[in-house]
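Notes to accompany the following structure.
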Amino acid sequence: MALIPESSENLKSIDAKGRFAIPSRIRKLLQDEILAVIKGFNGCLFAYSQDKWLDIKERLEKPSFNAEHIKRSRVIGATMEEVEIDKQGRILLSKGLMEYAGLKPNSSVLVNYAFDRIEIWQIEKFRENVESKISDDDYEKMLQSLFE
């Protein structure tokens, strides 16, 4: 099932410096100038508004000697970056995050609004990991369950 038309506002160009714009409709929902970006699932990046990130940060900062909690805190803390949205609505990701997501200068990126976060995808990874796994029937079932 094709979820993202080629003309989508969510498809953005990455410039030679590695900057790309956050779609204006998403920026309006954020009302933030800084995003917290971490490695997500399937090669995408998760970007959080300051409010959402503070909620996550509070959970990570709770003192714990649980090995899983310590591991989670270390990994997320080591990979999280704060990025500023500039006056043109663009962000600049580090080389490490760009490489993880398969993003390259002078190519396209998909900026997907996922309600509690923004997902930043290399388009082919999105098609491979999301679009190819959702049939029309699956989509209809998701919508039906949402409104039951």
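Convention: chains lettered A, B, ... in structure tokens order; per-chain residue numbering from 1; ligands numbered from 1 as shown.
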Requested in this report: Please report, as a ChimeraX atom specification, each residue of range 17-142 of chain A to which DSSP assigns helix (DSSP H, G or I) when run on this structure's backbone.
Outcome: /A:24-30,50-61,67-79,95-101,123-129,131-133,136-142
Query raised in the report: Can you list, as a ChimeraX atom specification, every protein, DNA or RNA residue that comes within 8 Å of Ser13 in chain A when you count only C-alpha atoms, leaving out same-chain residues fewer than 6 positions away?
Result: /A:20-21,106-109
Requested in this report: One decimal, Å: what's the distance from CA of Gln122 in chain A over to CA of Ser145 in chain A, could you say?
Outcome: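 Atom-to-atom, CA of Gln122 in chain A to CA of Ser145 in chain A, that is 29.1 Å.
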Query raised in the report: range 88-101 of chain A: which residues within 10 Å, counting only C-alpha atoms, same-chain residues fewer than 4 positions away excluded, as a ChimeraX atom specification?
Result: /A:14-15,17-24,27,33-35,37-45,79-84,105,109,120-123,125
Query raised in the report: How far is it from CA of Phe46 in chain A to CA of Asp137 in chain A, in Å with one decimal?
Result: 27.2 Å
Query raised in the report: If you run DSSP on the backbone, which residues of chain A are strand (DSSP E or B), as a ChimeraX atom specification?
Result: /A:11-13,19-21,34-39,45-48,81-84,90-92,108-113,118-121
Mind writing the picked residues with N, CA and C atoms as an mmCIF file, in the first residue's frame?
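Final output, selection.cif:
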```cif
data_model
loop_
_atom_site.group_PDB
_atom_site.id
_atom_site.type_symbol
_atom_site.label_atom_id
_atom_site.label_comp_id
_atom_site.auth_asym_id
_atom_site.auth_seq_id
_atom_site.Cartn_x
_atom_site.Cartn_y
_atom_site.Cartn_z
ATOM 1 N N LEU A 11 7.863 14.923 2.109
ATOM 2 C CA LEU A 11 9.111 14.612 1.416
ATOM 3 C C LEU A 11 9.914 15.896 1.279
ATOM 4 N N LYS A 12 11.113 15.877 1.809
ATOM 5 C CA LYS A 12 11.964 17.070 1.791
ATOM 6 C C LYS A 12 13.316 16.742 1.190
ATOM 7 N N SER A 13 13.977 17.754 0.656
ATOM 8 C CA SER A 13 15.318 17.598 0.100
ATOM 9 C C SER A 13 16.352 17.912 1.169
ATOM 10 N N ARG A 19 21.210 19.668 5.711
ATOM 11 C CA ARG A 19 20.029 20.273 6.346
ATOM 12 C C ARG A 19 18.776 19.927 5.552
ATOM 13 N N PHE A 20 17.661 19.820 6.261
ATOM 14 C CA PHE A 20 16.369 19.653 5.607
ATOM 15 C C PHE A 20 15.292 20.287 6.460
ATOM 16 N N ALA A 21 14.199 20.642 5.811
ATOM 17 C CA ALA A 21 13.117 21.350 6.493
ATOM 18 C C ALA A 21 12.157 20.368 7.151
ATOM 19 N N ILE A 34 13.699 23.419 19.424
ATOM 20 C CA ILE A 34 14.709 22.380 19.626
ATOM 21 C C ILE A 34 14.020 21.025 19.672
ATOM 22 N N LEU A 35 14.620 20.048 18.989
ATOM 23 C CA LEU A 35 14.131 18.679 19.011
ATOM 24 C C LEU A 35 15.204 17.772 19.608
ATOM 25 N N ALA A 36 14.769 16.753 20.320
ATOM 26 C CA ALA A 36 15.681 15.707 20.786
ATOM 27 C C ALA A 36 15.564 14.561 19.791
ATOM 28 N N VAL A 37 16.682 14.152 19.204
ATOM 29 C CA VAL A 37 16.684 13.130 18.165
ATOM 30 C C VAL A 37 17.477 11.926 18.657
ATOM 31 N N ILE A 38 16.858 10.732 18.510
ATOM 32 C CA ILE A 38 17.533 9.484 18.877
ATOM 33 C C ILE A 38 17.364 8.480 17.740
ATOM 34 N N LYS A 39 18.174 7.431 17.781
ATOM 35 C CA LYS A 39 18.012 6.340 16.832
ATOM 36 C C LYS A 39 16.697 5.649 17.137
ATOM 37 N N LEU A 45 14.918 7.634 12.451
ATOM 38 C CA LEU A 45 15.244 8.445 13.621
ATOM 39 C C LEU A 45 13.949 8.899 14.262
ATOM 40 N N PHE A 46 13.931 8.985 15.590
ATOM 41 C CA PHE A 46 12.805 9.535 16.322
ATOM 42 C C PHE A 46 13.201 10.927 16.793
ATOM 43 N N ALA A 47 12.343 11.905 16.564
ATOM 44 C CA ALA A 47 12.574 13.269 17.036
ATOM 45 C C ALA A 47 11.413 13.645 17.951
ATOM 46 N N TYR A 48 11.749 14.202 19.110
ATOM 47 C CA TYR A 48 10.747 14.540 20.115
ATOM 48 C C TYR A 48 10.764 16.034 20.415
ATOM 49 N N GLU A 81 20.671 13.538 20.484
ATOM 50 C CA GLU A 81 21.208 14.853 20.125
ATOM 51 C C GLU A 81 20.081 15.862 20.142
ATOM 52 N N GLU A 82 20.380 17.041 20.637
ATOM 53 C CA GLU A 82 19.429 18.142 20.531
ATOM 54 C C GLU A 82 19.763 18.902 19.259
ATOM 55 N N VAL A 83 18.753 19.117 18.437
ATOM 56 C CA VAL A 83 18.956 19.861 17.195
ATOM 57 C C VAL A 83 18.018 21.056 17.184
ATOM 58 N N GLU A 84 18.532 22.145 16.689
ATOM 59 C CA GLU A 84 17.760 23.382 16.641
ATOM 60 C C GLU A 84 17.088 23.536 15.287
ATOM 61 N N ARG A 90 14.600 24.463 9.178
ATOM 62 C CA ARG A 90 15.465 23.324 8.871
ATOM 63 C C ARG A 90 16.170 22.818 10.117
ATOM 64 N N ILE A 91 16.571 21.535 10.056
ATOM 65 C CA ILE A 91 17.439 20.985 11.088
ATOM 66 C C ILE A 91 18.679 20.411 10.422
ATOM 67 N N LEU A 92 19.728 20.275 11.209
ATOM 68 C CA LEU A 92 20.986 19.694 10.755
ATOM 69 C C LEU A 92 21.304 18.538 11.689
ATOM 70 N N SER A 108 16.636 12.845 -0.793
ATOM 71 C CA SER A 108 15.345 13.154 -0.174
ATOM 72 C C SER A 108 15.194 12.442 1.160
ATOM 73 N N VAL A 109 14.334 13.011 1.997
ATOM 74 C CA VAL A 109 14.045 12.454 3.315
ATOM 75 C C VAL A 109 12.528 12.523 3.519
ATOM 76 N N LEU A 110 12.004 11.559 4.256
ATOM 77 C CA LEU A 110 10.595 11.570 4.623
ATOM 78 C C LEU A 110 10.497 11.962 6.089
ATOM 79 N N VAL A 111 9.744 13.014 6.375
ATOM 80 C CA VAL A 111 9.520 13.475 7.749
ATOM 81 C C VAL A 111 8.074 13.106 8.079
ATOM 82 N N ASN A 112 7.907 12.108 8.924
ATOM 83 C CA ASN A 112 6.599 11.522 9.203
ATOM 84 C C ASN A 112 6.132 11.894 10.610
ATOM 85 N N TYR A 113 4.931 12.451 10.701
ATOM 86 C CA TYR A 113 4.328 12.767 11.999
ATOM 87 C C TYR A 113 3.700 11.498 12.561
ATOM 88 N N ILE A 118 8.206 12.524 15.854
ATOM 89 C CA ILE A 118 8.414 12.662 14.413
ATOM 90 C C ILE A 118 9.375 11.550 14.023
ATOM 91 N N GLU A 119 9.098 10.900 12.913
ATOM 92 C CA GLU A 119 10.024 9.895 12.400
ATOM 93 C C GLU A 119 10.700 10.456 11.156
ATOM 94 N N ILE A 120 12.005 10.257 11.081
ATOM 95 C CA ILE A 120 12.805 10.744 9.961
ATOM 96 C C ILE A 120 13.333 9.509 9.234
ATOM 97 N N TRP A 121 12.924 9.368 7.975
ATOM 98 C CA TRP A 121 13.199 8.155 7.209
ATOM 99 C C TRP A 121 13.929 8.443 5.902
#
```
Query raised in the report: When you draw a straight line from CA of Asp51 in chain A to CA of Asp32 in chain A, how long is it in Å?
Result: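 About the pair CA of Asp51 in chain A and CA of Asp32 in chain A: they are 9.0 Å apart.
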